[in-house]
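Student: Got a structure for you, entry-v9.txt, holding compact mmCIF, C-alpha atoms.
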```
# COMPACT_ATOMS: atom_id res chain seq x y z
CA MET C 150 -19.97 20.72 -10.80
CA GLN C 151 -20.66 17.33 -12.40
CA PRO C 152 -22.28 14.75 -10.10
CA GLU C 153 -19.20 12.49 -10.23
CA ARG C 154 -16.98 15.30 -9.09
CA LEU C 155 -19.39 16.21 -6.33
CA GLU C 156 -19.05 12.65 -5.05
CA ASP C 157 -15.27 12.85 -5.29
CA GLN C 158 -15.37 16.09 -3.35
CA ARG C 159 -17.61 14.45 -0.73
CA ASP C 160 -15.03 11.68 -0.36
CA ARG C 161 -12.24 14.20 0.09
CA ASP C 162 -14.22 16.05 2.74
CA LEU C 163 -14.91 12.82 4.59
CA HIS C 164 -11.28 11.83 4.33
CA ARG C 165 -10.21 15.16 5.78
CA GLN C 166 -12.54 14.58 8.71
CA LEU C 167 -11.18 11.06 9.06
CA THR C 168 -7.66 12.42 9.53
CA ARG C 169 -9.08 14.12 12.61
CA ARG C 170 -10.32 10.76 13.89
CA ASP C 171 -13.96 11.54 13.12
CA ARG C 172 -15.86 8.27 13.66
CA GLY C 173 -18.88 9.64 11.85
CA ALA C 174 -16.75 10.22 8.75
CA PHE C 175 -15.36 6.70 9.03
CA ASP C 176 -18.85 5.21 9.25
CA GLU C 177 -19.96 7.27 6.28
CA LEU C 178 -17.01 6.08 4.20
CA TYR C 179 -17.87 2.53 5.23
CA ARG C 180 -21.44 3.06 4.13
CA ARG C 181 -20.27 4.45 0.80
CA TYR C 182 -17.61 1.88 -0.05
CA SER C 183 -18.14 -1.34 1.85
CA ALA C 184 -20.40 -2.84 -0.85
CA ALA C 185 -18.02 -2.03 -3.72
CA ALA C 186 -15.11 -3.30 -1.63
CA TYR C 187 -16.88 -6.49 -0.65
CA GLY C 188 -18.09 -7.12 -4.20
CA LEU C 189 -14.52 -6.85 -5.47
CA ALA C 190 -13.02 -8.90 -2.67
CA PHE C 191 -15.63 -11.62 -3.12
CA ARG C 192 -15.06 -11.76 -6.86
CA VAL C 193 -11.30 -12.13 -6.42
CA THR C 194 -11.24 -14.48 -3.43
CA GLY C 195 -14.41 -16.43 -4.21
CA ARG C 196 -15.14 -16.86 -0.50
CA SER C 197 -17.29 -14.79 1.79
CA ALA C 198 -15.10 -15.29 4.87
CA LEU C 199 -11.97 -14.18 3.05
CA ALA C 200 -13.77 -11.26 1.45
CA GLN C 201 -15.02 -10.14 4.86
CA ASP C 202 -11.47 -10.22 6.22
CA VAL C 203 -10.19 -8.19 3.29
CA VAL C 204 -12.86 -5.53 3.75
CA HIS C 205 -12.30 -5.41 7.50
CA ASP C 206 -8.52 -5.11 7.14
CA ALA C 207 -8.74 -2.46 4.43
CA PHE C 208 -11.07 -0.25 6.45
CA LEU C 209 -9.00 -0.78 9.57
CA ALA C 210 -5.88 0.25 7.67
CA LEU C 211 -7.76 3.34 6.50
CA TRP C 212 -8.68 4.23 10.07
CA LYS C 213 -5.16 3.72 11.37
CA ALA C 214 -3.41 5.57 8.57
CA PRO C 215 -5.76 7.91 6.69
CA GLU C 216 -2.78 10.02 5.66
CA ALA C 217 -1.67 7.18 3.36
CA PHE C 218 -4.16 8.61 0.86
CA ASP C 219 -2.82 11.64 -0.96
CA PRO C 220 -5.67 13.61 -2.59
CA ALA C 221 -3.18 15.11 -5.06
CA ARG C 222 -2.64 11.69 -6.61
CA GLY C 223 -6.20 10.76 -7.50
CA THR C 224 -9.60 9.98 -6.08
CA PHE C 225 -10.24 8.41 -2.71
CA ARG C 226 -12.35 5.81 -4.49
CA GLY C 227 -9.42 4.76 -6.67
CA TYR C 228 -7.02 4.67 -3.76
CA PHE C 229 -9.25 2.68 -1.46
CA LEU C 230 -10.51 0.15 -3.98
CA SER C 231 -6.94 -0.36 -5.15
CA LEU C 232 -6.01 -1.11 -1.55
CA VAL C 233 -8.87 -3.64 -1.37
CA HIS C 234 -7.70 -5.22 -4.62
CA HIS C 235 -4.13 -5.56 -3.42
CA ARG C 236 -5.24 -7.26 -0.21
CA SER C 237 -7.61 -9.50 -2.11
CA VAL C 238 -4.86 -10.73 -4.45
CA ASP C 239 -2.46 -11.22 -1.56
CA THR C 240 -5.13 -13.25 0.22
CA VAL C 241 -5.79 -15.42 -2.82
CA ARG C 242 -2.12 -16.20 -3.26
CA ARG C 243 -1.62 -16.93 0.42
CA GLU C 244 -4.62 -19.27 0.42
CA GLU C 245 -3.37 -20.97 -2.74
CA ARG C 246 0.02 -21.64 -1.15
CA SER C 247 -1.64 -22.94 1.99
CA ARG C 248 -4.03 -25.13 0.00
CA GLN C 249 -1.16 -26.62 -2.01
CA ARG C 250 0.74 -27.44 1.16
CA GLN C 251 -2.30 -29.05 2.76
CA GLU C 252 -3.22 -31.02 -0.33
CA ARG C 253 0.21 -32.56 -0.45
CA VAL C 254 -0.46 -33.91 3.01
CA ASN C 255 -4.19 -34.49 2.87
CA PRO C 256 -5.73 -34.32 -0.60
CA VAL C 257 -9.39 -33.29 -0.51
CA SER C 258 -11.86 -32.55 -3.21
CA ASP C 259 -12.46 -28.89 -3.84
CA VAL C 260 -15.70 -27.71 -2.28
CA GLY C 261 -16.69 -24.30 -3.54
CA GLU C 262 -18.48 -21.86 -1.31
CA ASP C 263 -22.04 -21.19 -2.34
CA VAL C 264 -23.27 -18.09 -0.60
CA ALA C 265 -26.15 -16.02 -1.84
CA GLU C 266 -25.01 -12.41 -1.64
CA GLU C 267 -27.18 -9.40 -2.04
CA VAL C 268 -26.19 -7.31 -5.05
CA VAL C 269 -26.49 -3.64 -4.29
CA HIS C 270 -27.31 -0.96 -6.82
CA GLU C 271 -25.43 2.23 -5.99
CA ALA C 272 -26.87 5.05 -8.05
CA TRP C 273 -24.05 7.41 -7.19
CA LEU C 274 -21.46 5.01 -8.66
CA ALA C 275 -23.56 4.02 -11.66
CA ASP C 276 -22.10 6.52 -14.13
CA ARG C 277 -18.53 5.71 -13.27
CA ARG C 278 -19.26 2.00 -13.28
CA SER C 279 -20.78 2.17 -16.75
CA LYS C 280 -17.71 4.04 -18.05
CA VAL C 281 -15.42 1.35 -16.69
CA LEU C 282 -17.54 -1.42 -18.22
CA GLU C 283 -17.65 0.43 -21.52
CA ALA C 284 -13.87 0.85 -21.47
CA LEU C 285 -13.43 -2.86 -20.80
CA GLU C 286 -15.75 -3.69 -23.70
CA SER C 287 -13.53 -1.62 -25.99
CA LEU C 288 -10.62 -4.00 -25.39
CA SER C 289 -10.00 -6.91 -27.69
CA ALA C 290 -11.08 -10.30 -26.36
CA GLU C 291 -7.43 -11.27 -25.83
CA GLN C 292 -6.66 -8.07 -23.94
CA ARG C 293 -9.76 -8.46 -21.79
CA GLU C 294 -8.84 -12.05 -21.00
CA VAL C 295 -5.36 -11.27 -19.64
CA LEU C 296 -6.69 -8.30 -17.69
CA GLU C 297 -9.50 -10.28 -16.10
CA LEU C 298 -7.27 -13.20 -15.18
CA ALA C 299 -4.76 -10.85 -13.59
CA TYR C 300 -7.14 -8.47 -11.87
CA PHE C 301 -10.12 -10.61 -10.93
CA ARG C 302 -8.46 -14.00 -10.47
CA GLY C 303 -5.20 -12.77 -8.95
CA TYR C 304 -3.09 -14.69 -11.48
CA THR C 305 0.49 -13.70 -12.08
CA GLN C 306 1.45 -13.14 -15.69
CA SER C 307 3.45 -16.37 -15.62
CA ARG C 308 0.38 -18.29 -14.54
CA ILE C 309 -1.73 -16.58 -17.20
CA ALA C 310 0.80 -17.73 -19.81
CA GLU C 311 0.65 -21.28 -18.46
CA GLU C 312 -3.13 -21.44 -18.25
CA THR C 313 -3.81 -19.89 -21.64
CA GLY C 314 -0.89 -21.32 -23.58
CA VAL C 315 0.05 -17.81 -24.67
CA PRO C 316 3.75 -16.88 -24.52
CA LEU C 317 4.66 -14.76 -21.50
CA GLY C 318 5.92 -11.95 -23.72
CA THR C 319 2.56 -11.83 -25.47
CA VAL C 320 0.74 -11.73 -22.12
CA LYS C 321 2.87 -8.74 -21.14
CA THR C 322 2.28 -6.82 -24.36
CA ARG C 323 -1.45 -7.52 -24.27
CA THR C 324 -1.61 -6.34 -20.66
CA LEU C 325 0.20 -3.12 -21.49
CA ALA C 326 -1.97 -2.53 -24.55
CA ALA C 327 -5.08 -3.05 -22.40
CA MET C 328 -3.91 -0.68 -19.71
CA ARG C 329 -2.98 1.98 -22.26
CA LYS C 330 -6.45 1.74 -23.81
CA LEU C 331 -8.05 2.00 -20.39
CA ARG C 332 -5.81 4.92 -19.59
CA ALA C 333 -6.99 6.75 -22.70
CA ALA C 334 -10.62 5.98 -21.92
CA LEU C 335 -10.71 6.59 -18.17
CA VAL C 336 -7.93 8.75 -16.82
CA GLY C 337 -9.01 12.04 -18.31
CA GLY C 338 -12.29 11.85 -16.42
CA MET C 339 -10.81 10.76 -13.10
CA ASP C 340 -9.52 14.01 -11.69
CA GLY C 341 -11.85 15.35 -9.09
CA ASP C 342 -10.87 19.01 -9.53
CA MET P 14 10.30 -2.30 -31.91
CA GLU P 15 9.93 -2.35 -28.14
CA THR P 16 11.50 0.67 -26.44
CA GLU P 17 12.78 0.92 -22.90
CA HIS P 18 9.64 2.90 -22.06
CA ASP P 19 7.58 -0.07 -23.28
CA ARG P 20 9.53 -2.51 -21.13
CA VAL P 21 9.23 -0.29 -18.07
CA GLN P 22 5.55 0.36 -18.65
CA GLU P 23 4.89 -3.35 -19.09
CA ALA P 24 6.34 -3.78 -15.63
CA LEU P 25 4.32 -0.84 -14.27
CA ALA P 26 1.09 -2.16 -15.76
CA ALA P 27 1.66 -5.61 -14.32
CA ARG P 28 2.55 -4.17 -10.93
CA ALA P 29 -0.57 -2.03 -10.81
CA LEU P 30 -2.63 -5.15 -11.48
CA ARG P 31 -0.64 -7.14 -8.88
CA ALA P 32 0.19 -9.59 -11.65
CA LEU P 33 3.84 -10.18 -10.79
CA GLY P 34 5.23 -13.09 -8.81
CA GLU P 35 8.06 -12.47 -6.36
CA ASP P 36 10.94 -13.00 -8.79
CA GLU P 37 9.21 -11.02 -11.50
CA ASP P 38 8.51 -8.27 -9.01
CA GLU P 39 12.19 -7.97 -8.08
CA ALA P 40 13.22 -7.84 -11.72
CA ALA P 41 10.56 -5.21 -12.40
CA GLU P 42 11.69 -3.19 -9.41
CA ALA P 43 15.26 -3.13 -10.65
CA LEU P 44 14.07 -1.94 -14.05
CA ILE P 45 11.83 0.71 -12.52
CA ARG P 46 14.52 1.87 -10.09
CA THR P 47 16.98 2.64 -12.83
CA HIS P 48 14.48 4.27 -15.19
CA LEU P 49 11.83 6.13 -13.23
CA PRO P 50 13.87 8.78 -11.42
CA SER P 51 14.71 10.35 -14.78
CA CYS P 52 11.55 9.66 -16.75
CA PRO P 53 8.47 11.83 -16.10
CA GLU P 54 6.58 9.99 -18.86
CA CYS P 55 6.85 6.65 -17.09
CA ARG P 56 6.21 8.19 -13.68
CA ALA P 57 2.96 9.59 -15.08
CA ALA P 58 2.15 6.15 -16.50
CA LEU P 59 2.72 4.58 -13.08
CA GLU P 60 0.33 7.00 -11.45
CA ASP P 61 -2.33 6.47 -14.12
CA PHE P 62 -2.03 2.68 -14.06
CA GLU P 63 -2.48 2.73 -10.30
CA ARG P 64 -5.59 4.87 -10.71
CA ILE P 65 -6.98 2.44 -13.27
CA ALA P 66 -6.35 -0.45 -10.89
CA GLY P 67 -8.65 1.27 -8.43
CA GLU P 68 -11.34 2.01 -11.01
CA LEU P 69 -11.42 -1.56 -12.34
CA ALA P 70 -12.97 -2.56 -9.03
CA LEU P 71 -16.20 -1.00 -10.27
CA ALA P 72 -16.47 -3.71 -12.92
CA SER P 73 -17.52 -6.05 -10.10
CA PRO P 74 -21.07 -5.79 -8.80
CA SER P 75 -21.33 -4.27 -5.35
CA LYS P 76 -22.49 -6.64 -2.61
CA ARG P 77 -23.47 -5.83 0.95
CA PRO P 78 -21.03 -7.42 3.41
CA PRO P 79 -22.44 -9.23 6.45
CA GLY P 80 -23.17 -6.96 9.42
CA GLU P 81 -20.48 -8.54 11.59
CA VAL P 82 -17.78 -6.83 9.49
CA LEU P 83 -18.83 -3.44 10.82
CA VAL P 84 -19.16 -4.82 14.35
CA ARG P 85 -15.56 -6.09 14.19
CA LEU P 86 -14.42 -2.78 12.78
CA HIS P 87 -16.03 -0.78 15.53
CA ARG P 88 -14.16 -2.89 18.05
CA GLY P 89 -10.94 -2.20 16.15
CA VAL P 90 -11.34 1.57 15.96
CA SER P 91 -11.85 2.09 19.66
CA PRO P 92 -9.68 4.83 21.22
CA GLU P 93 -6.00 3.89 21.13
CA ARG P 94 -4.42 2.57 24.28
CA ARG P 95 -2.17 4.90 26.14
CA ARG P 96 1.34 3.99 25.19
CA ARG P 97 4.06 3.57 27.75
CA ILE P 98 6.18 6.70 27.42
CA GLY P 99 9.77 6.14 28.39
CA ALA P 100 12.31 8.81 29.23
CA PHE P 101 13.31 10.62 26.10
CA GLY P 102 16.94 10.57 27.11
CA GLY P 103 17.93 14.06 26.19
CA LEU P 104 17.69 13.67 22.45
CA ALA P 105 15.34 16.57 21.85
CA GLY P 106 17.11 19.26 19.87
CA ALA P 107 20.45 17.40 19.88
CA LEU P 108 20.77 17.28 16.09
CA THR P 109 24.09 17.67 14.36
CA ALA P 110 24.84 18.97 10.87
CA THR P 111 24.46 16.16 8.46
CA ALA P 112 24.86 15.01 4.89
CA VAL P 113 21.16 14.11 4.87
CA VAL P 114 19.36 17.42 4.81
CA ILE P 115 15.79 17.13 5.97
CA ALA P 116 13.60 20.06 5.01
CA LEU P 117 10.35 20.29 6.91
CA GLY P 118 7.50 22.09 5.21
CA PRO P 119 4.10 22.66 6.80
CA GLY P 120 2.69 19.19 7.27
CA ALA P 121 5.20 17.67 4.85
CA TRP P 122 8.65 16.19 4.73
CA SER P 123 11.23 16.33 2.02
CA ILE P 124 14.44 14.41 1.97
CA HIS P 125 17.36 15.71 -0.02
CA LEU P 126 20.45 13.62 -0.33
CA THR P 127 23.41 15.92 -0.76
CA GLY P 128 25.78 13.23 -1.92
CA ARG P 129 27.97 13.49 1.15
CA ILE P 130 26.49 10.40 2.78
CA SER P 131 29.00 8.62 4.92
CA LYS P 132 28.58 4.98 5.80
CA ALA P 133 26.85 4.08 9.02
CA GLU P 134 28.46 1.39 11.08
CA ARG P 135 25.75 -1.24 11.01
CA GLN P 136 22.98 -2.33 8.65
CA GLN P 137 23.49 0.27 5.94
CA ALA P 138 21.09 0.99 3.11
CA ASN P 139 22.10 1.35 -0.48
CA THR P 140 21.89 5.06 -1.38
CA ALA P 141 20.62 4.37 -4.86
CA GLU P 142 17.79 2.24 -3.46
CA LEU P 143 16.76 5.05 -1.18
CA ILE P 144 16.83 7.58 -4.00
CA SER P 145 14.73 5.20 -6.07
CA ALA P 146 12.19 4.79 -3.28
CA VAL P 147 11.87 8.53 -2.76
CA SER P 148 11.42 9.07 -6.50
CA VAL P 149 8.41 6.79 -6.78
CA PRO P 150 5.18 8.81 -6.68
CA SER P 151 3.53 6.36 -4.30
CA SER P 152 6.39 6.53 -1.79
CA LYS P 153 5.55 7.39 1.81
CA ILE P 154 7.74 9.54 4.05
CA VAL P 155 6.66 9.39 7.68
CA PRO P 156 8.39 11.56 10.32
CA LEU P 157 9.27 9.63 13.46
CA ALA P 158 9.01 12.00 16.39
CA PRO P 159 10.12 11.67 19.99
CA PRO P 160 7.24 10.73 22.31
CA GLY P 161 5.13 13.76 23.08
CA HIS P 162 6.62 15.80 20.25
CA GLY P 163 5.22 16.74 16.88
CA SER P 164 6.64 15.87 13.49
CA ALA P 165 8.45 19.23 13.26
CA THR P 166 10.99 17.93 15.77
CA ALA P 167 11.31 14.49 14.19
CA PRO P 168 14.98 13.47 13.97
CA VAL P 169 14.33 10.57 11.63
CA ALA P 170 11.80 9.42 9.07
CA ALA P 171 10.55 6.12 7.71
CA VAL P 172 10.55 5.94 3.91
CA TYR P 173 8.81 3.17 2.03
CA VAL P 174 6.93 2.29 -1.10
CA PRO P 175 3.81 0.24 -0.37
CA GLY P 176 4.27 -3.21 -1.84
CA ARG P 177 8.06 -3.07 -1.91
CA ALA P 178 10.18 -5.31 0.25
CA HIS P 179 12.16 -2.68 2.12
CA LEU P 180 11.52 0.22 4.43
CA PHE P 181 14.24 2.78 5.17
CA VAL P 182 14.87 4.73 8.33
CA VAL P 183 16.83 7.88 7.60
CA GLY P 184 17.89 10.98 9.52
CA ASN P 185 20.12 11.93 12.39
CA LEU P 186 20.53 10.63 15.87
CA PRO P 187 23.27 11.09 18.46
CA LEU P 188 25.26 8.01 19.33
CA PRO P 189 23.48 5.85 21.89
CA ARG P 190 24.85 5.43 25.37
CA PRO P 191 27.85 3.08 25.80
CA ASP P 192 26.97 -0.61 25.33
CA ARG P 193 23.64 0.39 23.83
CA VAL P 194 22.25 0.35 20.30
CA TYR P 195 19.14 1.62 18.59
CA GLN P 196 16.57 -0.93 17.53
CA VAL P 197 13.84 -0.52 14.91
CA TRP P 198 10.46 -2.10 15.59
CA LEU P 199 7.55 -2.62 13.23
CA GLY P 200 4.19 -2.78 14.91
CA LYS P 201 0.87 -4.25 13.90
CA GLU P 202 -2.15 -4.03 16.18
CA GLY P 203 0.01 -3.57 19.26
CA ARG P 204 2.51 -6.36 18.54
CA PHE P 205 6.07 -5.52 17.53
CA ALA P 206 8.63 -7.31 15.38
CA SER P 207 12.29 -6.30 15.36
CA GLY P 208 13.60 -4.70 12.19
CA GLY P 209 17.18 -4.84 13.44
CA THR P 210 19.67 -2.81 15.43
CA PHE P 211 21.89 0.02 14.31
CA VAL P 212 24.28 2.71 15.39
CA PRO P 213 24.60 6.06 13.57
CA ASP P 214 27.93 6.88 12.01
CA HIS P 215 30.35 9.32 13.58
CA THR P 216 28.49 12.29 12.03
CA GLY P 217 25.14 11.08 13.36
CA VAL P 218 23.75 10.00 10.00
CA VAL P 219 21.24 7.18 10.06
CA MET P 220 20.35 5.27 6.93
CA VAL P 221 18.98 1.86 7.71
CA ARG P 222 17.24 -0.61 5.44
CA VAL P 223 14.66 -2.83 7.09
CA PRO P 224 13.53 -5.92 5.13
CA ALA P 225 9.83 -5.31 5.43
CA ASP P 226 6.97 -3.78 3.46
CA GLY P 227 5.87 -0.73 5.43
CA ALA P 228 2.33 -1.17 4.14
CA ALA P 229 2.00 -4.37 6.19
CA TYR P 230 2.45 -2.51 9.48
CA ASP P 231 0.72 0.25 11.35
CA HIS P 232 3.52 1.63 13.52
CA VAL P 233 7.29 2.23 13.48
CA LEU P 234 9.24 2.63 16.71
CA ILE P 235 12.90 3.18 17.56
CA THR P 236 14.13 2.37 21.05
CA GLU P 237 17.51 2.30 22.75
CA GLU P 238 18.36 -1.25 23.78
CA PRO P 239 21.29 -3.29 25.15
CA ASP P 240 24.11 -3.95 22.69
CA SER P 241 22.76 -7.37 21.69
CA GLY P 242 19.27 -6.04 21.03
CA SER P 243 16.04 -7.10 22.69
CA ALA P 244 13.25 -9.51 21.93
CA SER P 245 10.66 -6.80 22.44
CA PRO P 246 10.74 -3.01 22.93
CA SER P 247 12.00 -2.50 26.45
CA GLY P 248 14.28 0.51 26.36
CA ASP P 249 13.64 4.21 26.06
CA ARG P 250 11.47 5.22 23.13
CA VAL P 251 13.46 7.48 20.86
CA ALA P 252 11.12 8.16 17.96
CA GLU P 253 7.94 6.70 16.56
CA SER P 254 4.88 7.17 14.42
CA ASP P 255 1.82 5.43 13.10
CA LEU P 256 2.17 4.31 9.49
```
If you took the structure in this file and wrote it as C-alpha cells, what would it be?
Tutor:
Amino acid sequence: MQPERLEDQRDRDLHRQLTRRDRGAFDELYRRYSAAAYGLAFRVTGRSALAQDVVHDAFLALWKAPEAFDPARGTFRGYFLSLVHHRSVDTVRREERSRQRQERVNPVSDVGEDVAEEVVHEAWLADRRSKVLEALESLSAEQREVLELAYFRGYTQSRIAEETGVPLGTVKTRTLAAMRKLRAALVGGMDGD
Amino acid sequence: METEHDRVQEALAARALRALGEDEDEAAEALIRTHLPSCPECRAALEDFERIAGELALASPSKRPPGEVLVRLHRGVSPERRRRIGAFGGLAGALTATAVVIALGPGAWSIHLTGRISKAERQQANTAELISAVSVPSSKIVPLAPPGHGSATAPVAAVYVPGRAHLFVVGNLPLPRPDRVYQVWLGKEGRFASGGTFVPDHTGVVMVRVPADGAAYDHVLITEEPDSGSASPSGDRVAESDL
C-alpha cells in the first residue's frame, strides 16, 4: 500500500477507536492534525487567539460527534481540515462584523498581531502537501487569486468582486474553473481504498 | 454557453470554499435543492469540491499551537455528566403506522417519504425541503432515542445538512398528554435553546422544521412540556441524541 494510503488507513483506525471514546485515539489525532489545523486557522484568521479557539472547537466537536465523519465520503484529513476551515471563515466574518460595529462607535487604528509561530515540518503529509501546491500552481494567476481570497481570507465572492474590480460573474466562473482543475488534479488520488 | 450544471456547480464550488454571503447562500441553496436530487453528476461534484476544500488546507504551513489548547481540550473531553433521566411516559413501543416509513439498518437510518404525508398541527416543515436535505450527500440523519434505549427503538430522527439554516425532526410520536406539547431543544455544552413546540398530527406523524444549523450544536432533545412551552427543559425526556 502506498504511504499516503497507509496514513489514511491509520486515520480511519484512529477514528474508529474514537467512536468508542478512546482518549488515546483522540490524543493521537490531535498530535497528527493540530499543527495543520492551527496553521490553516492562523492563516485565515490572522490571530493566534482566534486560531487557538478554532482548533479547540474543531477538536471538541470531533470528540463529541465522531460519527459526523463518514469514511465512505473521503479521508478523515479532508473532513477534519474542512471543518477547521469552515470554523475559521465563520470566525473571521464574525470578527469583521464585530469590528465594524465597534469602529462605528470607537474608531481605532488597526493593530496587527505579531506572533512568532513555529512552523512544523510533517514528513507524513509532505507528499500530499506538495501535490496540493503543485495543483495550485497549475491554475492561472486569476484563478489562484479568487481561490486564495475566498479560501484563505474568508472573502465572499461579492467581496472578491469589490476588492478586485472583477465582475461577480467572472469571479464565479474563475472559481468554478479553478475547482474543476483542482478536482482533475487531486480527487483521483484522494480515495484511501 | 453556461448550462444549468455550470450554474449549480458554481454554487457548489463557492459553498465548498465558504465563499457565499447569507443572501447568496440562500439563493444557491434553492438552486441546489431543485437540481441535486435528480443529478448524480452534480452530487458527485459536490462531494469532490468538499474534499478539495479539505485538501487546500495543506497549502498552509503547519504550525504548532500553544500547549494550552490541549489543556483546554482535555478539560472539555472529561467523562460526560450523568443526565437527569425523567420518566419515559410509556412511549416505548407505542408507534403507529405512518406515512413516514423509517427503515432501520444495522447502525444506519434511512428515511423514505411515501408521499402520504399529512400535515402536522403546528410548526410544519416543507416536504420538498426535507427531501432536498436528505438527498444531499453531506446530510446527517441522527436517531433520537428514548432515554436508556438504543437507536433501534428511536421514534424520531434529526435530519440536517451542516451549514444549512434548518434542522428537521421527523418520525412518529403519540399525542402528548392533555394540555401538554412536545418541545425541541438544541444543546451546546450543556446549555439548551428552544427550537419550538409541536404536536404530531392525528396519525402521529412528526415533521418539524427548526430554524437552526445542526452543526452548531452537540445535542438534540425532545421533552413534554406545558401547553405554552418552557424556558428550559423541565418535562419528561422523550427522545434525544448527541449530534
Student: Taking all atoms listed in the file into account, report as a PDB file with C-alpha atoms, in the frame of the given file which residues of chain C lie within 8 Å of chain P.
Tutor:
```
ATOM      1  CA  SER C 183     -18.140  -1.340   1.850  1.00  0.00           C
ATOM      2  CA  ALA C 184     -20.400  -2.840  -0.850  1.00  0.00           C
ATOM      3  CA  ALA C 185     -18.020  -2.030  -3.720  1.00  0.00           C
ATOM      4  CA  ALA C 186     -15.110  -3.300  -1.630  1.00  0.00           C
ATOM      5  CA  TYR C 187     -16.880  -6.490  -0.650  1.00  0.00           C
ATOM      6  CA  GLY C 188     -18.090  -7.120  -4.200  1.00  0.00           C
ATOM      7  CA  LEU C 189     -14.520  -6.850  -5.470  1.00  0.00           C
ATOM      8  CA  ARG C 192     -15.060 -11.760  -6.860  1.00  0.00           C
ATOM      9  CA  GLN C 201     -15.020 -10.140   4.860  1.00  0.00           C
ATOM     10  CA  ASP C 202     -11.470 -10.220   6.220  1.00  0.00           C
ATOM     11  CA  VAL C 204     -12.860  -5.530   3.750  1.00  0.00           C
ATOM     12  CA  HIS C 205     -12.300  -5.410   7.500  1.00  0.00           C
ATOM     13  CA  PHE C 208     -11.070  -0.250   6.450  1.00  0.00           C
ATOM     14  CA  LEU C 209      -9.000  -0.780   9.570  1.00  0.00           C
ATOM     15  CA  ALA C 210      -5.880   0.250   7.670  1.00  0.00           C
ATOM     16  CA  TRP C 212      -8.680   4.230  10.070  1.00  0.00           C
ATOM     17  CA  LYS C 213      -5.160   3.720  11.370  1.00  0.00           C
ATOM     18  CA  ALA C 214      -3.410   5.570   8.570  1.00  0.00           C
ATOM     19  CA  ALA C 217      -1.670   7.180   3.360  1.00  0.00           C
ATOM     20  CA  ARG C 222      -2.640  11.690  -6.610  1.00  0.00           C
ATOM     21  CA  GLY C 223      -6.200  10.760  -7.500  1.00  0.00           C
ATOM     22  CA  THR C 224      -9.600   9.980  -6.080  1.00  0.00           C
ATOM     23  CA  ARG C 226     -12.350   5.810  -4.490  1.00  0.00           C
ATOM     24  CA  GLY C 227      -9.420   4.760  -6.670  1.00  0.00           C
ATOM     25  CA  TYR C 228      -7.020   4.670  -3.760  1.00  0.00           C
ATOM     26  CA  PHE C 229      -9.250   2.680  -1.460  1.00  0.00           C
ATOM     27  CA  LEU C 230     -10.510   0.150  -3.980  1.00  0.00           C
ATOM     28  CA  SER C 231      -6.940  -0.360  -5.150  1.00  0.00           C
ATOM     29  CA  LEU C 232      -6.010  -1.110  -1.550  1.00  0.00           C
ATOM     30  CA  HIS C 234      -7.700  -5.220  -4.620  1.00  0.00           C
ATOM     31  CA  HIS C 235      -4.130  -5.560  -3.420  1.00  0.00           C
ATOM     32  CA  VAL C 238      -4.860 -10.730  -4.450  1.00  0.00           C
ATOM     33  CA  GLU C 266     -25.010 -12.410  -1.640  1.00  0.00           C
ATOM     34  CA  GLU C 267     -27.180  -9.400  -2.040  1.00  0.00           C
ATOM     35  CA  VAL C 268     -26.190  -7.310  -5.050  1.00  0.00           C
ATOM     36  CA  VAL C 269     -26.490  -3.640  -4.290  1.00  0.00           C
ATOM     37  CA  HIS C 270     -27.310  -0.960  -6.820  1.00  0.00           C
ATOM     38  CA  GLU C 271     -25.430   2.230  -5.990  1.00  0.00           C
ATOM     39  CA  ARG C 277     -18.530   5.710 -13.270  1.00  0.00           C
ATOM     40  CA  ARG C 278     -19.260   2.000 -13.280  1.00  0.00           C
ATOM     41  CA  VAL C 281     -15.420   1.350 -16.690  1.00  0.00           C
ATOM     42  CA  LEU C 282     -17.540  -1.420 -18.220  1.00  0.00           C
ATOM     43  CA  ALA C 299      -4.760 -10.850 -13.590  1.00  0.00           C
ATOM     44  CA  TYR C 300      -7.140  -8.470 -11.870  1.00  0.00           C
ATOM     45  CA  GLY C 303      -5.200 -12.770  -8.950  1.00  0.00           C
ATOM     46  CA  TYR C 304      -3.090 -14.690 -11.480  1.00  0.00           C
ATOM     47  CA  THR C 305       0.490 -13.700 -12.080  1.00  0.00           C
ATOM     48  CA  GLN C 306       1.450 -13.140 -15.690  1.00  0.00           C
ATOM     49  CA  SER C 307       3.450 -16.370 -15.620  1.00  0.00           C
ATOM     50  CA  LYS C 321       2.870  -8.740 -21.140  1.00  0.00           C
ATOM     51  CA  THR C 322       2.280  -6.820 -24.360  1.00  0.00           C
ATOM     52  CA  THR C 324      -1.610  -6.340 -20.660  1.00  0.00           C
ATOM     53  CA  LEU C 325       0.200  -3.120 -21.490  1.00  0.00           C
ATOM     54  CA  MET C 328      -3.910  -0.680 -19.710  1.00  0.00           C
ATOM     55  CA  LEU C 331      -8.050   2.000 -20.390  1.00  0.00           C
ATOM     56  CA  ARG C 332      -5.810   4.920 -19.590  1.00  0.00           C
ATOM     57  CA  LEU C 335     -10.710   6.590 -18.170  1.00  0.00           C
ATOM     58  CA  VAL C 336      -7.930   8.750 -16.820  1.00  0.00           C
TER      59      VAL C 336
END
```
Student: Counting all atoms listed in the file, which of P:Ala57, P:Leu49, P:Val194, P:Leu44 gets nearest to P:Thr236?
Tutor: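 Checking each of P:Ala57, P:Leu49, P:Val194, P:Leu44 against P:Thr236, counting all atoms listed in the file, the winner is P:Val194.
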Student: May I ask for the distance between atom CA of C:Val233 and atom CA of C:Asp206, given in Å to one decimal place?
Tutor: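 Atom-to-atom, atom CA of C:Val233 and atom CA of C:Asp206 are spaced 8.6 Å apart.
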Student: Can you measure atom CA of C:Ile309 to atom CA of C:Arg196 for me? One decimal in Å is fine.
Tutor: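 Computing the Euclidean distance for atom CA of C:Ile309 and atom CA of C:Arg196 yields 21.4 Å.
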Student: For a test of reading the model, state the distance in Å between atom CA of C:Thr240 and atom CA of P:Val174, rounded to one decimal.
Tutor: 19.7 Å
Student: Counting all atoms listed in the file, which residues sit no farther than 7 Å from the position (-1.8, -12.8, -25.3) in the file's frame? I'd like them as a list in words.
Tutor: Glu291, Gln292, Val295, Val315, Pro316, Thr319, Val320 and Arg323 of chain C
Student: Would you save the residues of that selection, restricted to C-alpha atoms, as a compact mmCIF listing (two decimals), in the coordinates of the input?
Tutor:
```
# COMPACT_ATOMS: atom_id res chain seq x y z
CA GLU C 291 -7.43 -11.27 -25.83
CA GLN C 292 -6.66 -8.07 -23.94
CA VAL C 295 -5.36 -11.27 -19.64
CA VAL C 315 0.05 -17.81 -24.67
CA PRO C 316 3.75 -16.88 -24.52
CA THR C 319 2.56 -11.83 -25.47
CA VAL C 320 0.74 -11.73 -22.12
CA ARG C 323 -1.45 -7.52 -24.27
```
